[in-house]
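Coordinates as given in my_file-v6.cif (mmCIF, C-alpha atoms):
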```
data_structure
#
loop_
_atom_site.group_PDB
_atom_site.id
_atom_site.type_symbol
_atom_site.label_atom_id
_atom_site.label_comp_id
_atom_site.auth_asym_id
_atom_site.auth_seq_id
_atom_site.Cartn_x
_atom_site.Cartn_y
_atom_site.Cartn_z
ATOM 1 C CA MET A 101 14.036 19.152 -7.076
ATOM 2 C CA ALA A 102 13.216 17.724 -3.661
ATOM 3 C CA SER A 103 10.606 18.286 -1.040
ATOM 4 C CA SER A 104 11.698 19.358 2.401
ATOM 5 C CA TYR A 105 11.526 16.610 4.992
ATOM 6 C CA GLY A 106 12.593 16.368 8.581
ATOM 7 C CA ASN A 107 12.945 13.753 11.254
ATOM 8 C CA LEU A 108 9.875 11.672 11.927
ATOM 9 C CA GLU A 109 7.793 12.675 14.928
ATOM 10 C CA SER A 110 5.808 9.441 14.991
ATOM 11 C CA PHE A 111 5.715 6.036 13.326
ATOM 12 C CA ALA A 112 3.350 3.079 13.638
ATOM 13 C CA GLY A 113 1.326 4.886 16.309
ATOM 14 C CA TYR A 114 4.311 5.615 18.572
ATOM 15 C CA ASP A 115 5.807 8.987 19.419
ATOM 16 C CA ILE A 116 9.476 9.192 18.432
ATOM 17 C CA VAL A 117 11.774 10.682 21.073
ATOM 18 C CA GLN A 118 15.444 11.441 20.509
ATOM 19 C CA TRP A 119 17.592 9.506 22.960
ATOM 20 C CA GLN A 120 20.779 10.880 24.471
ATOM 21 C CA PRO A 121 23.195 9.142 26.876
ATOM 22 C CA GLY A 122 21.872 9.566 30.385
ATOM 23 C CA ASP A 123 18.213 9.737 29.322
ATOM 24 C CA ALA A 124 15.809 7.256 30.861
ATOM 25 C CA LEU A 125 13.730 5.181 28.458
ATOM 26 C CA GLY A 126 10.189 6.296 27.772
ATOM 27 C CA ASP A 127 6.997 4.300 28.201
ATOM 28 C CA PRO A 128 7.442 1.354 25.788
ATOM 29 C CA GLN A 129 3.703 1.368 25.075
ATOM 30 C CA ARG A 130 3.791 4.926 23.720
ATOM 31 C CA VAL A 131 7.372 5.871 22.838
ATOM 32 C CA ILE A 132 10.112 4.619 20.559
ATOM 33 C CA HIS A 133 13.567 6.170 20.565
ATOM 34 C CA ARG A 134 15.767 7.545 17.809
ATOM 35 C CA ILE A 135 19.496 6.958 18.157
ATOM 36 C CA SER A 136 21.570 9.377 16.117
ATOM 37 C CA THR A 137 24.839 11.251 16.117
ATOM 38 C CA ASP A 138 25.236 14.856 15.011
ATOM 39 C CA PHE A 139 27.657 16.764 12.805
ATOM 40 C CA ASP A 140 30.332 16.966 15.474
ATOM 41 C CA GLY A 141 29.172 14.121 17.693
ATOM 42 C CA GLU A 142 31.770 12.791 20.111
ATOM 43 C CA HIS A 143 30.318 9.268 19.951
ATOM 44 C CA ALA A 144 30.046 6.912 16.983
ATOM 45 C CA TRP A 145 26.588 5.496 16.322
ATOM 46 C CA SER A 146 27.629 2.041 17.542
ATOM 47 C CA GLU A 147 28.854 3.589 20.809
ATOM 48 C CA LEU A 148 25.492 5.243 21.317
ATOM 49 C CA LEU A 149 23.779 1.912 20.723
ATOM 50 C CA ALA A 150 25.990 0.296 23.362
ATOM 51 C CA ALA A 151 25.019 2.995 25.853
ATOM 52 C CA PHE A 152 21.358 2.546 24.958
ATOM 53 C CA LEU A 153 21.607 -1.199 25.573
ATOM 54 C CA ALA A 154 22.849 -0.498 29.109
ATOM 55 C CA GLN A 155 19.604 1.227 30.091
ATOM 56 C CA PRO A 156 17.226 -0.551 32.488
ATOM 57 C CA GLY A 157 14.168 -1.894 30.691
ATOM 58 C CA VAL A 158 15.726 -1.984 27.219
ATOM 59 C CA GLU A 159 14.365 -5.499 26.707
ATOM 60 C CA GLN A 160 10.834 -4.079 26.844
ATOM 61 C CA ILE A 161 11.110 -1.539 24.038
ATOM 62 C CA GLN A 162 8.831 -2.162 21.092
ATOM 63 C CA GLY A 163 10.434 0.058 18.489
ATOM 64 C CA LEU A 164 13.680 1.725 17.447
ATOM 65 C CA VAL A 165 14.668 4.425 14.966
ATOM 66 C CA VAL A 166 18.131 4.616 13.415
ATOM 67 C CA GLY A 167 18.897 8.267 12.777
ATOM 68 C CA TYR A 168 21.847 10.229 11.459
ATOM 69 C CA TRP A 169 25.086 8.249 11.615
ATOM 70 C CA GLY A 170 27.792 10.689 10.487
ATOM 71 C CA VAL A 171 28.556 13.322 7.869
ATOM 72 C CA ASP A 172 31.347 11.363 6.175
ATOM 73 C CA THR A 173 30.130 7.842 6.798
ATOM 74 C CA LEU A 174 26.797 8.394 5.081
ATOM 75 C CA ILE A 175 28.444 8.712 1.673
ATOM 76 C CA ASP A 176 31.848 7.085 1.863
ATOM 77 C CA GLU A 177 31.703 4.227 4.357
ATOM 78 C CA ASP A 178 29.994 0.858 4.366
ATOM 79 C CA PRO A 179 26.943 1.164 6.632
ATOM 80 C CA ASN A 180 27.536 -2.442 7.673
ATOM 81 C CA GLU A 181 30.653 -1.307 9.517
ATOM 82 C CA VAL A 182 29.117 1.873 10.901
ATOM 83 C CA TRP A 183 25.791 0.628 12.315
ATOM 84 C CA VAL A 184 24.196 -2.391 10.584
ATOM 85 C CA LYS A 185 26.384 -5.111 12.117
ATOM 86 C CA ALA A 186 26.134 -3.558 15.556
ATOM 87 C CA LEU A 187 22.346 -3.437 15.464
ATOM 88 C CA ARG A 188 22.054 -6.953 14.096
ATOM 89 C CA ALA A 189 24.302 -8.259 16.874
ATOM 90 C CA ALA A 190 22.079 -6.496 19.406
ATOM 91 C CA ALA A 191 18.853 -8.045 18.064
ATOM 92 C CA PRO A 192 18.560 -10.655 20.872
ATOM 93 C CA ARG A 193 18.467 -7.777 23.370
ATOM 94 C CA PHE A 194 15.206 -6.548 21.809
ATOM 95 C CA PRO A 195 12.798 -9.491 22.096
ATOM 96 C CA GLU A 196 9.721 -7.234 22.007
ATOM 97 C CA LEU A 197 10.786 -5.123 19.008
ATOM 98 C CA ARG A 198 7.953 -4.726 16.510
ATOM 99 C CA VAL A 199 8.723 -1.377 14.861
ATOM 100 C CA LEU A 200 11.912 -0.373 13.054
ATOM 101 C CA TYR A 201 12.739 2.698 10.980
ATOM 102 C CA LEU A 202 16.163 2.888 9.344
ATOM 103 C CA ASN A 203 17.892 6.110 8.253
ATOM 104 C CA ASP A 204 15.516 8.682 9.692
ATOM 105 C CA ILE A 205 17.815 11.410 8.393
ATOM 106 C CA SER A 206 16.449 14.867 7.650
ATOM 107 C CA ALA A 207 17.201 16.961 4.563
ATOM 108 C CA GLU A 208 19.085 19.385 6.809
ATOM 109 C CA GLU A 209 21.329 16.555 7.989
ATOM 110 C CA HIS A 210 21.823 14.850 4.628
ATOM 111 C CA GLU A 211 20.050 14.679 1.259
ATOM 112 C CA VAL A 212 18.144 11.447 0.760
ATOM 113 C CA SER A 213 19.971 10.807 -2.522
ATOM 114 C CA TRP A 214 23.300 10.762 -0.657
ATOM 115 C CA ILE A 215 22.394 8.116 1.926
ATOM 116 C CA ASN A 216 24.400 4.950 1.362
ATOM 117 C CA ASN A 217 22.531 1.731 2.049
ATOM 118 C CA THR A 218 23.264 -1.985 1.817
ATOM 119 C CA ASP A 219 21.637 -5.425 1.866
ATOM 120 C CA LEU A 220 19.316 -5.004 4.845
ATOM 121 C CA SER A 221 17.557 -8.385 4.738
ATOM 122 C CA PRO A 222 19.848 -10.058 7.330
ATOM 123 C CA LEU A 223 19.315 -7.141 9.701
ATOM 124 C CA VAL A 224 15.545 -6.811 9.501
ATOM 125 C CA MET A 225 15.018 -10.580 9.539
ATOM 126 C CA ALA A 226 16.934 -10.678 12.823
ATOM 127 C CA PHE A 227 13.726 -9.152 14.245
ATOM 128 C CA PRO A 228 11.190 -11.812 13.202
ATOM 129 C CA GLY A 229 8.326 -10.138 15.059
ATOM 130 C CA LEU A 230 8.478 -6.904 13.020
ATOM 131 C CA THR A 231 5.094 -5.454 12.120
ATOM 132 C CA HIS A 232 6.259 -2.065 10.776
ATOM 133 C CA LEU A 233 9.406 -1.396 8.759
ATOM 134 C CA GLY A 234 10.485 1.908 7.243
ATOM 135 C CA ILE A 235 13.655 2.577 5.256
ATOM 136 C CA ARG A 236 14.987 5.853 3.848
ATOM 137 C CA GLY A 237 17.601 5.995 1.085
ATOM 138 C CA GLY A 238 17.841 3.940 -2.106
ATOM 139 C CA ASN A 239 21.560 3.879 -2.887
ATOM 140 C CA ASN A 240 22.773 0.235 -2.890
ATOM 141 C CA LEU A 241 19.631 -0.812 -1.025
ATOM 142 C CA GLU A 242 18.799 -4.499 -1.325
ATOM 143 C CA LEU A 243 16.177 -6.688 0.340
ATOM 144 C CA PRO A 244 16.772 -10.136 -1.200
ATOM 145 C CA ALA A 245 14.677 -13.093 -0.038
ATOM 146 C CA LEU A 246 12.882 -10.879 2.458
ATOM 147 C CA SER A 247 10.622 -12.956 4.693
ATOM 148 C CA LEU A 248 8.744 -11.547 7.695
ATOM 149 C CA SER A 249 5.575 -13.353 8.655
ATOM 150 C CA ALA A 250 4.080 -10.583 10.823
ATOM 151 C CA LEU A 251 4.991 -7.501 8.755
ATOM 152 C CA ASP A 252 1.942 -5.272 8.315
ATOM 153 C CA THR A 253 3.571 -2.128 6.884
ATOM 154 C CA LEU A 254 6.567 -1.586 4.613
ATOM 155 C CA THR A 255 7.660 1.893 3.529
ATOM 156 C CA VAL A 256 10.732 2.585 1.384
ATOM 157 C CA GLU A 257 11.414 6.294 0.892
ATOM 158 C CA ALA A 258 13.987 7.351 -1.701
ATOM 159 C CA GLY A 259 14.759 9.681 -4.549
ATOM 160 C CA GLY A 260 15.249 6.614 -6.737
ATOM 161 C CA LEU A 261 14.832 2.848 -6.335
ATOM 162 C CA SER A 262 16.585 0.257 -8.462
ATOM 163 C CA ALA A 263 14.651 -2.208 -10.586
ATOM 164 C CA GLU A 264 16.249 -5.017 -8.590
ATOM 165 C CA LEU A 265 15.045 -3.615 -5.278
ATOM 166 C CA VAL A 266 11.491 -3.172 -6.567
ATOM 167 C CA ARG A 267 11.438 -6.745 -7.863
ATOM 168 C CA GLN A 268 12.787 -7.997 -4.529
ATOM 169 C CA VAL A 269 9.910 -6.282 -2.717
ATOM 170 C CA MET A 270 7.362 -7.569 -5.221
ATOM 171 C CA THR A 271 8.450 -11.164 -4.565
ATOM 172 C CA ALA A 272 9.071 -10.924 -0.804
ATOM 173 C CA ASP A 273 7.385 -13.373 1.562
ATOM 174 C CA LEU A 274 5.154 -11.005 3.544
ATOM 175 C CA PRO A 275 1.854 -12.811 4.118
ATOM 176 C CA ALA A 276 0.464 -10.269 6.612
ATOM 177 C CA LEU A 277 1.296 -7.148 4.574
ATOM 178 C CA ARG A 278 -1.535 -4.611 4.442
ATOM 179 C CA HIS A 279 0.338 -1.363 3.704
ATOM 180 C CA LEU A 280 2.988 -1.105 0.985
ATOM 181 C CA GLU A 281 4.469 2.305 0.165
ATOM 182 C CA LEU A 282 7.277 2.678 -2.373
ATOM 183 C CA TYR A 283 8.827 6.010 -3.361
ATOM 184 C CA LEU A 284 9.910 4.824 -6.806
ATOM 185 C CA GLY A 285 11.781 8.002 -7.693
ATOM 186 C CA THR A 286 13.432 9.395 -10.765
ATOM 187 C CA GLU A 287 16.251 8.412 -13.088
ATOM 188 C CA ASP A 288 18.002 11.651 -12.150
ATOM 189 C CA TYR A 289 18.558 10.248 -8.657
ATOM 190 C CA GLY A 290 19.273 6.608 -9.321
ATOM 191 C CA ALA A 291 15.940 5.039 -10.215
ATOM 192 C CA THR A 292 16.232 2.211 -12.740
ATOM 193 C CA ASN A 293 12.779 0.757 -12.077
ATOM 194 C CA SER A 294 9.982 0.841 -14.623
ATOM 195 C CA ALA A 295 6.262 0.194 -14.468
ATOM 196 C CA ASP A 296 6.924 -3.344 -15.717
ATOM 197 C CA ASP A 297 8.749 -4.189 -12.478
ATOM 198 C CA LEU A 298 5.420 -3.868 -10.658
ATOM 199 C CA THR A 299 3.826 -6.719 -12.621
ATOM 200 C CA PRO A 300 4.014 -9.351 -9.838
ATOM 201 C CA ILE A 301 1.700 -7.342 -7.600
ATOM 202 C CA LEU A 302 -0.822 -6.231 -10.193
ATOM 203 C CA ASP A 303 -2.679 -9.523 -10.671
ATOM 204 C CA GLY A 304 -3.734 -9.503 -7.019
ATOM 205 C CA THR A 305 -2.211 -12.849 -6.061
ATOM 206 C CA ARG A 306 0.662 -11.297 -4.090
ATOM 207 C CA PHE A 307 0.083 -9.835 -0.624
ATOM 208 C CA SER A 308 -3.510 -11.037 -0.322
ATOM 209 C CA ARG A 309 -4.230 -8.773 2.685
ATOM 210 C CA LEU A 310 -3.063 -5.561 1.011
ATOM 211 C CA THR A 311 -5.436 -2.621 1.489
ATOM 212 C CA TYR A 312 -3.049 0.349 1.017
ATOM 213 C CA LEU A 313 -0.868 0.535 -2.075
ATOM 214 C CA GLY A 314 1.458 3.480 -2.563
ATOM 215 C CA LEU A 315 3.317 3.510 -5.886
ATOM 216 C CA LYS A 316 4.399 7.110 -5.656
ATOM 217 C CA ASN A 317 7.025 9.765 -6.343
ATOM 218 C CA SER A 318 7.643 8.297 -9.803
ATOM 219 C CA ASP A 319 8.536 9.915 -13.091
ATOM 220 C CA HIS A 320 6.556 7.012 -14.633
ATOM 221 C CA GLN A 321 3.372 7.894 -12.737
ATOM 222 C CA ASP A 322 1.222 8.011 -15.884
ATOM 223 C CA GLN A 323 2.264 4.495 -16.921
ATOM 224 C CA ILE A 324 1.529 3.198 -13.430
ATOM 225 C CA ALA A 325 -1.950 4.744 -13.529
ATOM 226 C CA GLN A 326 -2.571 3.098 -16.901
ATOM 227 C CA LEU A 327 -1.416 -0.324 -15.691
ATOM 228 C CA LEU A 328 -3.833 -0.145 -12.782
ATOM 229 C CA VAL A 329 -6.822 0.143 -15.133
ATOM 230 C CA ALA A 330 -6.904 -3.599 -15.720
ATOM 231 C CA ALA A 331 -5.072 -4.700 -12.565
ATOM 232 C CA PRO A 332 -7.034 -7.024 -10.256
ATOM 233 C CA VAL A 333 -5.114 -5.716 -7.236
ATOM 234 C CA THR A 334 -7.110 -2.471 -7.297
ATOM 235 C CA GLN A 335 -10.352 -4.299 -6.590
ATOM 236 C CA ARG A 336 -9.425 -5.014 -2.967
ATOM 237 C CA LEU A 337 -7.621 -1.805 -2.082
ATOM 238 C CA GLU A 338 -9.011 0.775 0.302
ATOM 239 C CA VAL A 339 -6.343 3.414 -0.428
ATOM 240 C CA LEU A 340 -4.457 3.959 -3.682
ATOM 241 C CA ASP A 341 -1.604 6.436 -3.358
ATOM 242 C CA LEU A 342 -0.127 7.785 -6.600
ATOM 243 C CA SER A 343 1.034 11.051 -5.070
ATOM 244 C CA MET A 344 4.289 13.011 -5.408
ATOM 245 C CA GLY A 345 5.067 11.928 -8.971
ATOM 246 C CA VAL A 346 4.787 13.181 -12.540
ATOM 247 C CA LEU A 347 1.078 12.471 -12.961
ATOM 248 C CA THR A 348 -0.264 14.358 -15.980
ATOM 249 C CA ASP A 349 -3.601 14.390 -17.789
ATOM 250 C CA GLU A 350 -2.647 11.135 -19.482
ATOM 251 C CA GLY A 351 -2.587 9.326 -16.157
ATOM 252 C CA GLY A 352 -5.518 11.289 -14.786
ATOM 253 C CA ARG A 353 -7.756 10.229 -17.675
ATOM 254 C CA ALA A 354 -6.679 6.615 -17.203
ATOM 255 C CA LEU A 355 -7.896 6.841 -13.599
ATOM 256 C CA LEU A 356 -11.201 8.348 -14.731
ATOM 257 C CA ASP A 357 -11.656 5.392 -17.096
ATOM 258 C CA ASN A 358 -10.924 2.826 -14.391
ATOM 259 C CA PRO A 359 -14.170 1.193 -13.193
ATOM 260 C CA ALA A 360 -12.349 -0.610 -10.360
ATOM 261 C CA LEU A 361 -11.601 2.555 -8.382
ATOM 262 C CA GLY A 362 -15.114 3.517 -7.315
ATOM 263 C CA HIS A 363 -14.961 1.348 -4.201
ATOM 264 C CA LEU A 364 -11.859 3.086 -2.819
ATOM 265 C CA LYS A 365 -11.991 4.921 0.472
ATOM 266 C CA LYS A 366 -9.226 7.272 -0.709
ATOM 267 C CA LEU A 367 -7.330 8.142 -3.883
ATOM 268 C CA ASP A 368 -4.226 10.221 -3.158
ATOM 269 C CA LEU A 369 -2.907 12.276 -6.083
ATOM 270 C CA ALA A 370 -1.313 15.091 -4.078
ATOM 271 C CA PHE A 371 1.508 16.888 -5.937
ATOM 272 C CA ASN A 372 0.425 16.414 -9.524
ATOM 273 C CA TRP A 373 0.792 17.901 -12.984
ATOM 274 C CA LEU A 374 -2.897 17.765 -13.948
ATOM 275 C CA SER A 375 -4.681 20.447 -15.915
ATOM 276 C CA ASP A 376 -7.553 22.264 -14.236
ATOM 277 C CA GLU A 377 -9.962 20.459 -16.558
ATOM 278 C CA VAL A 378 -8.885 16.939 -15.626
ATOM 279 C CA ARG A 379 -8.519 17.853 -11.948
ATOM 280 C CA ASP A 380 -12.118 19.121 -11.938
ATOM 281 C CA GLN A 381 -13.276 15.930 -13.647
ATOM 282 C CA LEU A 382 -11.571 13.843 -10.979
ATOM 283 C CA ILE A 383 -13.144 15.928 -8.218
ATOM 284 C CA ALA A 384 -16.602 15.438 -9.742
ATOM 285 C CA TRP A 385 -15.979 11.697 -10.144
ATOM 286 C CA ALA A 386 -14.858 11.369 -6.518
ATOM 287 C CA GLU A 387 -17.928 13.202 -5.246
ATOM 288 C CA GLN A 388 -20.179 10.966 -7.298
ATOM 289 C CA GLN A 389 -18.458 7.797 -6.118
ATOM 290 C CA GLY A 390 -18.059 8.857 -2.500
ATOM 291 C CA VAL A 391 -14.263 8.525 -2.689
ATOM 292 C CA GLU A 392 -11.998 10.789 -0.640
ATOM 293 C CA LEU A 393 -9.710 12.467 -3.165
ATOM 294 C CA ASP A 394 -6.540 14.463 -2.573
ATOM 295 C CA VAL A 395 -5.441 16.546 -5.564
ATOM 296 C CA SER A 396 -3.665 19.177 -3.480
ATOM 297 C CA ASP A 397 -0.347 20.811 -4.317
ATOM 298 C CA PRO A 398 -0.930 21.107 -8.081
ATOM 299 C CA GLN A 399 2.066 21.974 -10.226
ATOM 300 C CA ASP A 400 2.055 23.990 -13.446
ATOM 301 C CA ALA A 401 0.747 21.599 -16.110
ATOM 302 C CA GLU A 402 2.149 23.879 -18.802
ATOM 303 C CA ASP A 403 5.697 23.633 -17.482
ATOM 304 C CA ASP A 404 7.925 21.450 -19.673
ATOM 305 C CA TRP A 405 10.269 20.728 -16.733
ATOM 306 C CA ARG A 406 8.483 18.214 -14.546
ATOM 307 C CA TYR A 407 9.886 16.476 -11.516
ATOM 308 C CA VAL A 408 8.946 14.267 -8.598
ATOM 309 C CA ALA A 409 8.357 15.737 -5.165
ATOM 310 C CA LEU A 410 11.273 13.914 -3.529
ATOM 311 C CA GLY A 411 14.394 13.561 -5.631
ATOM 312 C CA GLU A 412 17.597 15.037 -4.286
#
```

Translate the structure described by the file into C-alpha cells.
Amino acid sequence: MASSYGNLESFAGYDIVQWQPGDALGDPQRVIHRISTDFDGEHAWSELLAAFLAQPGVEQIQGLVVGYWGVDTLIDEDPNEVWVKALRAAAPRFPELRVLYLNDISAEEHEVSWINNTDLSPLVMAFPGLTHLGIRGGNNLELPALSLSALDTLTVEAGGLSAELVRQVMTADLPALRHLELYLGTEDYGATNSADDLTPILDGTRFSRLTYLGLKNSDHQDQIAQLLVAAPVTQRLEVLDLSMGVLTDEGGRALLDNPALGHLKKLDLAFNWLSDEVRDQLIAWAEQQGVELDVSDPQDAEDDWRYVALGE
C-alpha cells in the first residue's frame, strides 16, 4: 500500500519550476529548477543538464532538483552513469548552491520502491555549502562518512531504508542539523532497519541543534515510540514526527506515559492505527499540555492488515 505523491511544488522556501531547454532561469532568490526527462524524452538527463549549464546566470542559482531520469534507467541502470557523475562534475559551476533534492519522481512517473540509488556522499559533499538536502528512493542508497558543516535539513523519503543507511545517517558529521526526517519504511519494500539502529541519536549527544525529528513511515512505529520514553533527545525537540507508520495503541500509550513530551510545540501522528479511546486520550493530553497534535487520517484499528502510508 502506498500513498499518492507527486512532484514537489516547493522545497526549503523556494518555489520549484520545471525547466525546459530554451527557458530562462527564474529569480534565484525565489525559484529553484527541476531538471527531468519524460517517458519519451528526446534528451538524456545529462544532456538536459548540459543545456541548463549554458544558461546565463547559472552560477547564481541557489538550488536544484533532480527529477525523472528515464523509464528504463530508473530500475536497470547505474544512476552514476545516468546523472550522478554528470552533476558531480558540474558542481564547480554552482558556487551558490545551497538546496538540493534528488529523485523528485512522482508516483505516476515511477513507484518510489523502484527508484535505483547509489552512494551519494561524493555527490552531495561536492556542494559543501548545502543547507537543505532531500533524497527520494531507498534502493542501494548509501551515505557513508557524510560530512556537511552547514546542513540544516536532511530528508530521506523511501518505502524502505536499510539498516546500514540509517546507521550512516545517525553517525554523519552534521553539526548544524536542525531538521532530520527519515521515512524508515517497511520490510515489504526493502527496509532492514530496526528501532535499535536509532540508538546513536537517542541519548541526545548527536546533532546538538536538532529541533525536528521525524522517525516516520515505519512498521516498527510502536517500538520507536517506546524507545523515546527514556530518550534524552526528546527533551530538546520542538517537533516530534511519528506519522505515516503502524502506530497502534501500544505506541500511543507509550507516548501518553512520556513526561518529556509536554514541552513539544507539535506531535505529528497523522496516519495511525489508534483506537478511538487512545486517540481521545492523546487529544485530551495535548490540550492540557498546550501541544499541537495531529492524529488525522486514522486507519481501522481493528484491521489485522496494517501498513505504512508510503510503501510501494

The PyMOL selection byres ((chain A and resi 264) around 10) applied to the shown file, residues as a ChimeraX atom specification: /A:241-244,261-263,265-270,292-293,297

Contacts of region 145-148 of chain A within 10 Å, only C-alpha atoms, excl. fewer than 5 positions in-chain, as a ChimeraX atom specification: /A:119-121,135-138,153,166-170,181-187

With a cut-off of 12 Å, could you pull out the residues of region 181-273 of chain A touching region 311-316 of chain A and give me the nearest pair of atoms for each, distance in Å to one decimal, using all atoms listed in the file, ordered by chain and ascending number, as a Markdown table?
```
| residue | atom | partner | partner_atom | distance |
| --- | --- | --- | --- | --- |
| A:Asp252 | CA | A:Thr311 | CA | 10.4 |
| A:Thr253 | CA | A:Tyr312 | CA | 9.2 |
| A:Leu254 | CA | A:Gly314 | CA | 10.2 |
| A:Thr255 | CA | A:Gly314 | CA | 8.8 |
| A:Val256 | CA | A:Gly314 | CA | 10.1 |
| A:Glu257 | CA | A:Lys316 | CA | 9.6 |
| A:Ala258 | CA | A:Lys316 | CA | 10.4 |
| A:Gly259 | CA | A:Lys316 | CA | 10.7 |
| A:Gly260 | CA | A:Lys316 | CA | 10.9 |
| A:Leu261 | CA | A:Lys316 | CA | 11.3 |
| A:Val266 | CA | A:Leu315 | CA | 10.6 |
| A:Met270 | CA | A:Leu315 | CA | 11.8 |
```

Run through the PyMOL selection byres ((chain A and resi 329) around 8) on the given coordinates and return the selected residues as an mmCIF file with C-alpha atoms, keeping the file's coordinate frame.
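Contents of the output file expr.cif:
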```
data_model
loop_
_atom_site.group_PDB
_atom_site.id
_atom_site.type_symbol
_atom_site.label_atom_id
_atom_site.label_comp_id
_atom_site.auth_asym_id
_atom_site.auth_seq_id
_atom_site.Cartn_x
_atom_site.Cartn_y
_atom_site.Cartn_z
ATOM 1 C CA ALA A 325 -1.950 4.744 -13.529
ATOM 2 C CA GLN A 326 -2.571 3.098 -16.901
ATOM 3 C CA LEU A 327 -1.416 -0.324 -15.691
ATOM 4 C CA LEU A 328 -3.833 -0.145 -12.782
ATOM 5 C CA ALA A 330 -6.904 -3.599 -15.720
ATOM 6 C CA ALA A 331 -5.072 -4.700 -12.565
ATOM 7 C CA ALA A 354 -6.679 6.615 -17.203
ATOM 8 C CA LEU A 355 -7.896 6.841 -13.599
ATOM 9 C CA ASP A 357 -11.656 5.392 -17.096
ATOM 10 C CA ASN A 358 -10.924 2.826 -14.391
ATOM 11 C CA PRO A 359 -14.170 1.193 -13.193
ATOM 12 C CA ALA A 360 -12.349 -0.610 -10.360
#
```

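Excluding Leu230 (chain A) and any residue on its chain fewer than 2 positions from it, the residues at most 9 Å away by all atoms listed in the file are Leu197, Arg198, Val199, Leu200, Val224, Met225, Phe227, Pro228, His232, Leu233, Leu248, Ser249, Ala250, Leu251 and Asp252 of chain A.
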
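Each of A:Asn217, A:Glu392, A:Asn372, A:Tyr289 was compared to Leu340 (chain A) using only C-alpha atoms, and A:Glu392 turns out to be the nearest.
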
Nearby residues (only C-alpha atoms) at most 8 Å from Leu393 (chain A), same-chain spacing under 2 positions excluded, as a PyMOL selection string: chain A and resi 366-369+383+386+391+395

List every protein, DNA or RNA residue that has an atom no more than 9 Å from (9.1, 13.0, -2.0) in the file's coordinate frame, counting all atoms listed in the file, and report them as a PDB file with C-alpha atoms, in the coordinates of the input.
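File written: result18.pdb
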```
ATOM      1  CA  ALA A 102      13.216  17.724  -3.661  1.00  0.00           C
ATOM      2  CA  SER A 103      10.606  18.286  -1.040  1.00  0.00           C
ATOM      3  CA  SER A 104      11.698  19.358   2.401  1.00  0.00           C
ATOM      4  CA  TYR A 105      11.526  16.610   4.992  1.00  0.00           C
ATOM      5  CA  GLU A 257      11.414   6.294   0.892  1.00  0.00           C
ATOM      6  CA  ALA A 258      13.987   7.351  -1.701  1.00  0.00           C
ATOM      7  CA  GLY A 259      14.759   9.681  -4.549  1.00  0.00           C
ATOM      8  CA  TYR A 283       8.827   6.010  -3.361  1.00  0.00           C
ATOM      9  CA  GLY A 285      11.781   8.002  -7.693  1.00  0.00           C
ATOM     10  CA  LYS A 316       4.399   7.110  -5.656  1.00  0.00           C
ATOM     11  CA  ASN A 317       7.025   9.765  -6.343  1.00  0.00           C
ATOM     12  CA  SER A 343       1.034  11.051  -5.070  1.00  0.00           C
ATOM     13  CA  MET A 344       4.289  13.011  -5.408  1.00  0.00           C
ATOM     14  CA  GLY A 345       5.067  11.928  -8.971  1.00  0.00           C
ATOM     15  CA  VAL A 408       8.946  14.267  -8.598  1.00  0.00           C
ATOM     16  CA  ALA A 409       8.357  15.737  -5.165  1.00  0.00           C
ATOM     17  CA  LEU A 410      11.273  13.914  -3.529  1.00  0.00           C
ATOM     18  CA  GLY A 411      14.394  13.561  -5.631  1.00  0.00           C
TER      19      GLY A 411
END
```

Apply the PyMOL selection byres ((chain A and resi 162) around 8) to the structure shown and report the selected residues as a PDB file with C-alpha atoms, keeping the file's coordinate frame.
```pdb
ATOM      1  CA  PRO A 128       7.442   1.354  25.788  1.00  0.00           C
ATOM      2  CA  GLN A 129       3.703   1.368  25.075  1.00  0.00           C
ATOM      3  CA  ILE A 132      10.112   4.619  20.559  1.00  0.00           C
ATOM      4  CA  GLN A 160      10.834  -4.079  26.844  1.00  0.00           C
ATOM      5  CA  ILE A 161      11.110  -1.539  24.038  1.00  0.00           C
ATOM      6  CA  GLY A 163      10.434   0.058  18.489  1.00  0.00           C
ATOM      7  CA  LEU A 164      13.680   1.725  17.447  1.00  0.00           C
ATOM      8  CA  PHE A 194      15.206  -6.548  21.809  1.00  0.00           C
ATOM      9  CA  GLU A 196       9.721  -7.234  22.007  1.00  0.00           C
ATOM     10  CA  LEU A 197      10.786  -5.123  19.008  1.00  0.00           C
ATOM     11  CA  ARG A 198       7.953  -4.726  16.510  1.00  0.00           C
ATOM     12  CA  VAL A 199       8.723  -1.377  14.861  1.00  0.00           C
TER      13      VAL A 199
END
```
